[in-house]
Amino acid sequence: MSDHGHEPLLGTFTRERARSGAGTALTRSAVALARRHDTLDYDALPPSLARKAIEPGDRAYDDVRHTYTRTGSPALVIQAENADDVAAALAYARGQHAEIAVRSGGHGISGRSTNNGGVVIDLSRMNAVQVLDRAAGRIRVEPGARWGHVARALAPYGLAMSSGDYGDVGVGGLATAGGLGYLARRHGLTIDHVTAAEIVVADGRRLRVDAEHHADLFWAIRGAGGNFGVVTAFELDAYELGDVAYATITVDATGTAGFLVEWARLVERAPREITSFLSLFPARRGAPVTARITLVYAGDDVEAAQSALSPFLGAGPVLHQQAQLVPYHLIVTPPENRHQGHGLENTRSGLLEHLTPEAAGVIEEMMRSGDIPIVQFRSMGGAVHDVPADVMAWPHRTQQFSVLAAATPSRVPALNASWARLYPHLNGMYLSFETDTHPDRLLDAFPEPVLTRLRALKAEWDPDDVFNRNFNITPAGAEETPAGAEETAAGAEEAAVPAGGGR
């Protein structure tokens, strides 16, 4: 079964043949050609990619140059349609010594899936969703699919896959980084269900990796995948799921610290069918600090769901509430977003063993400052803790909560100062929600011995550090200077956070 939620973007440049017999060559106007970057030899592009490439002078360029949160001016965007295209695009970009960005959905908060003057390998046309074996729940998903479309494609089979809270997110980034979604406490992370992957590695080889084939690489891509290649398909074990109970409760959280401690206590005591997210918003124009609690009960037993959800009504003064029994795919329905770099570009991310009164007190100070427009928590525990810490590159199997805070560029110094006070209470980090790309952050995400093992594997699979965007794991023996470090939202001099992961 295939789900093509997005029509392919078509270049609107002139479709005349450039010369007789050149079946894939295109002619662009002088105006379009004048907008080419001098960083690339455009004529060296393989003919097989000619009609899949979008240049700065093409009308479609503005639709593909940016991501959801980031703006960019790439010299070329190549919309691959299969693994052969990915390999060809990778070879071309390497031959041009161009900066390479790989994009699946382009939504990621921390991602650098665009660039300035480089090549973007865009996987959005590789978006098939297939049920390979309904009885076993085995599915195959391409990286350019959006998770909302995956949920919709699986629904007729009574299957589901936890994938975050926003259906517009692409498969590729999330399924290599973690996947902390609405079903996490019942079914674990998305990467916990990846059983195999097809990947194009730095030297252009196309490989299938699983527990028996290139097992070390399979270990690495589940948690640090963007550093090791371009995954062109995932196989996952989906699980049966019918309707879920979905509830939202808006609470007056003026007494922020006490409220947070109570919410966290309720989450940790809840049955694992319950996964809860919590978003805090500061006081504005006389309104109180407010919290939006989202609760998903992974099951359609109404009586059991009511019993599990009701205690959360006592977390604080309720301003609004609603609950409904709905198919899972309806709560992650993807909106039709234009990606124009309009999100909050500066975020900090961490993991908490427990939400203690001390940590909650720091969060309350953040809310009182007015500098932080949102702090969000996601519950872990349950099935996330069932997986041994050494099975994959994601090692965080004891923490109960993920926390992130976001700020506008002008408020980054205040964000850093607040985060420095919270940092001693943290143990680990979820890279997908972090925009400070200083090398010290790698130890937060990959505490030793995980990072040393990853660096050794990087030296084996990507010795030239081709895949160096975002949180770069440098090859063992190489100088640890991340590509794009100058783009760090806070800057190394402003980070104000010590190394070592707050452990």
# chains A, B, ... in the order shown; residues from 1 in each chain; ligands from 1
>>> residues_around(residues="A:His425", least_positions_apart="4", cutoff="10 Å", atoms="only C-alpha atoms", output="PyMOL selection string")
chain A and resi 350-356+358-360+362+420-421+501-503
>>> select_by_dssp(residues="stretch 16-196 of chain A", states="strand (DSSP E)", output="PDB file with C-alpha atoms, in the first residue's frame")
ATOM      1  CA  ALA A  53      16.767  19.095  -9.487  1.00  0.00           C
ATOM      2  CA  ILE A  54      15.499  22.522  -8.491  1.00  0.00           C
ATOM      3  CA  LEU A  76      20.562  22.923  -5.552  1.00  0.00           C
ATOM      4  CA  VAL A  77      17.733  20.786  -4.214  1.00  0.00           C
ATOM      5  CA  ILE A  78      17.605  17.261  -5.639  1.00  0.00           C
ATOM      6  CA  GLN A  79      14.284  15.486  -5.139  1.00  0.00           C
ATOM      7  CA  ILE A 100      25.260  18.203   1.985  1.00  0.00           C
ATOM      8  CA  ALA A 101      21.947  18.379   3.809  1.00  0.00           C
ATOM      9  CA  VAL A 102      19.505  15.473   3.844  1.00  0.00           C
ATOM     10  CA  ARG A 103      15.812  16.230   4.267  1.00  0.00           C
ATOM     11  CA  VAL A 119      23.146  20.573  -2.007  1.00  0.00           C
ATOM     12  CA  VAL A 120      19.953  19.374  -0.345  1.00  0.00           C
ATOM     13  CA  ILE A 121      19.002  15.751  -0.977  1.00  0.00           C
ATOM     14  CA  ASP A 122      15.234  15.944  -0.564  1.00  0.00           C
ATOM     15  CA  VAL A 129       3.964   3.067   3.105  1.00  0.00           C
ATOM     16  CA  GLN A 130       3.502  -0.690   2.718  1.00  0.00           C
ATOM     17  CA  VAL A 131       2.083  -3.387   4.966  1.00  0.00           C
ATOM     18  CA  LEU A 132       4.329  -6.358   4.220  1.00  0.00           C
ATOM     19  CA  ASP A 133       2.766  -8.836   6.636  1.00  0.00           C
ATOM     20  CA  ARG A 138       5.603  -5.888   9.549  1.00  0.00           C
ATOM     21  CA  ILE A 139       5.602  -2.645   7.566  1.00  0.00           C
ATOM     22  CA  ARG A 140       7.968  -0.825   5.213  1.00  0.00           C
ATOM     23  CA  VAL A 141       8.057   2.965   5.217  1.00  0.00           C
ATOM     24  CA  LEU A 159      -2.120  -1.129  13.040  1.00  0.00           C
ATOM     25  CA  ALA A 160      -0.237   1.844  14.441  1.00  0.00           C
ATOM     26  CA  VAL A 194      12.832  -0.665  13.613  1.00  0.00           C
ATOM     27  CA  THR A 195      13.856  -4.174  12.544  1.00  0.00           C
ATOM     28  CA  ALA A 196      15.788  -3.358   9.370  1.00  0.00           C
TER      29      ALA A 196
END
>>> residues_around(residues="A:Asp168", least_positions_apart="3", cutoff="7 Å", atoms="only C-alpha atoms", output="ChimeraX atom specification")
/A:146-148,334-335
>>> write_last_selection(atoms="C-alpha atoms", output="short mmCIF file (atom, residue, chain, number, x, y, z; two decimals), in the first residue's frame")
data_model
loop_
_atom_site.label_atom_id
_atom_site.label_comp_id
_atom_site.auth_asym_id
_atom_site.auth_seq_id
_atom_site.Cartn_x
_atom_site.Cartn_y
_atom_site.Cartn_z
CA ARG A 146 4.88 12.07 6.94
CA TRP A 147 3.88 10.33 10.15
CA GLY A 148 0.29 11.48 9.85
CA PRO A 334 -0.89 16.29 9.18
CA PRO A 335 -1.74 19.92 8.44
#
>>> residues_around(residues="A:Arg348", least_positions_apart="2", cutoff="9 Å", atoms="only C-alpha atoms", output="ChimeraX atom specification")
/A:346,350,403-407,415-416,419,429,433-436
>>> residues_around(residues="A:Leu241", least_positions_apart="2", cutoff="9 Å", atoms="only C-alpha atoms", output="number ranges by chain")
A: 155, 158-161, 239, 243-244, 298-300, 327-328
>>> residues_around(residues="A:Ala88", least_positions_apart="4", cutoff="8 Å", atoms="only C-alpha atoms", output="list of chain:residue names")
A:Pro46, A:Leu49, A:Asp84, A:Tyr92, A:Gly204
>>> residues_around(residues="A:Tyr166", least_positions_apart="4", cutoff="12 Å", atoms="only C-alpha atoms", output="PDB file with C-alpha atoms, in the first residue's frame")
ATOM      1  CA  GLY A 105      10.066  15.976   6.246  1.00  0.00           C
ATOM      2  CA  HIS A 107      10.098  19.788  10.188  1.00  0.00           C
ATOM      3  CA  GLY A 108      12.757  18.915  12.765  1.00  0.00           C
ATOM      4  CA  ILE A 109      13.339  21.529  15.437  1.00  0.00           C
ATOM      5  CA  ARG A 146       4.878  12.068   6.938  1.00  0.00           C
ATOM      6  CA  TRP A 147       3.879  10.329  10.153  1.00  0.00           C
ATOM      7  CA  GLY A 148       0.294  11.479   9.849  1.00  0.00           C
ATOM      8  CA  HIS A 149       0.094   9.769   6.472  1.00  0.00           C
ATOM      9  CA  VAL A 150       1.703   6.643   7.933  1.00  0.00           C
ATOM     10  CA  ALA A 151      -0.952   6.541  10.648  1.00  0.00           C
ATOM     11  CA  SER A 162       4.082   5.761  17.788  1.00  0.00           C
ATOM     12  CA  GLY A 170       8.887  13.240   8.251  1.00  0.00           C
ATOM     13  CA  VAL A 171       9.726   9.604   8.870  1.00  0.00           C
ATOM     14  CA  LEU A 174      12.441  10.764  13.640  1.00  0.00           C
ATOM     15  CA  GLY A 179      10.491   8.922  18.278  1.00  0.00           C
ATOM     16  CA  LEU A 180       8.994   9.935  21.618  1.00  0.00           C
ATOM     17  CA  GLY A 181       5.292  10.035  20.878  1.00  0.00           C
ATOM     18  CA  TYR A 182       1.768   9.651  22.207  1.00  0.00           C
ATOM     19  CA  HIS A 329      -4.634   8.592  13.090  1.00  0.00           C
ATOM     20  CA  LEU A 330      -7.022  11.485  13.705  1.00  0.00           C
ATOM     21  CA  ILE A 331      -4.889  12.934  16.496  1.00  0.00           C
ATOM     22  CA  VAL A 332      -1.812  13.078  14.250  1.00  0.00           C
ATOM     23  CA  THR A 333      -3.510  14.276  11.069  1.00  0.00           C
ATOM     24  CA  PRO A 334      -0.886  16.288   9.177  1.00  0.00           C
ATOM     25  CA  PRO A 335      -1.736  19.922   8.444  1.00  0.00           C
ATOM     26  CA  GLU A 336      -0.863  21.378   5.083  1.00  0.00           C
ATOM     27  CA  ASN A 337       2.055  23.539   6.175  1.00  0.00           C
TER      28      ASN A 337
END
>>> select_by_dssp(residues="stretch 254-420 of chain A", states="alpha helix (DSSP H)", output="MDAnalysis selection string")
chainID A and resid 256:269 302:309 357:369 412:420
>>> write_last_selection(atoms="C-alpha atoms", output="tab-separated table (two decimals), in the first residue's frame")
chain	number	residue	atom	x	y	z
A	256	THR	CA	3.97	26.23	38.65
A	257	ALA	CA	6.41	24.19	40.72
A	258	GLY	CA	3.77	22.47	42.84
A	259	PHE	CA	1.63	21.79	39.79
A	260	LEU	CA	4.54	20.22	37.89
A	261	VAL	CA	5.46	17.94	40.76
A	262	GLU	CA	1.86	16.75	41.05
A	263	TRP	CA	1.48	16.17	37.30
A	264	ALA	CA	4.72	14.19	37.26
A	265	ARG	CA	3.62	12.11	40.25
A	266	LEU	CA	0.37	11.26	38.48
A	267	VAL	CA	2.22	10.28	35.30
A	268	GLU	CA	4.64	7.98	37.07
A	269	ARG	CA	1.79	6.28	38.92
A	302	VAL	CA	-13.87	3.47	28.05
A	303	GLU	CA	-14.22	2.58	31.71
A	304	ALA	CA	-10.51	1.86	32.14
A	305	ALA	CA	-9.63	5.04	30.26
A	306	GLN	CA	-11.87	7.17	32.47
A	307	SER	CA	-10.32	5.65	35.56
A	308	ALA	CA	-6.81	6.37	34.30
A	309	LEU	CA	-7.52	9.89	33.05
A	357	PRO	CA	10.68	20.04	43.45
A	358	GLU	CA	14.11	21.56	42.80
A	359	ALA	CA	13.88	21.14	39.02
A	360	ALA	CA	10.25	22.32	39.08
A	361	GLY	CA	11.36	25.44	40.94
A	362	VAL	CA	13.77	26.35	38.15
A	363	ILE	CA	10.99	25.88	35.60
A	364	GLU	CA	8.75	28.18	37.64
A	365	GLU	CA	11.45	30.86	37.50
A	366	MET	CA	11.54	30.47	33.70
A	367	MET	CA	7.81	31.05	33.50
A	368	ARG	CA	7.94	34.07	35.78
A	369	SER	CA	10.70	35.67	33.70
A	412	VAL	CA	18.70	33.38	23.77
A	413	PRO	CA	20.92	34.81	26.54
A	414	ALA	CA	18.01	34.52	28.97
A	415	LEU	CA	17.28	30.99	27.74
A	416	ASN	CA	20.89	29.99	28.30
A	417	ALA	CA	20.96	31.47	31.78
A	418	SER	CA	17.77	29.65	32.77
A	419	TRP	CA	18.95	26.38	31.23
A	420	ALA	CA	22.26	26.58	33.07
>>> atom_distance(atom1="atom CA of A:Gly173", atom2="atom CA of A:Val230")
10.0 Å
>>> closest_residue(among="A:Leu426, A:Val391, A:Phe377, A:Ile293", to="A:His193", atoms="only C-alpha atoms")
A:Val391
>>> closest_residue(among="A:Val466, A:Val450, A:Ala211, A:Leu26", to="A:Ser48", atoms="only C-alpha atoms")
A:Leu26
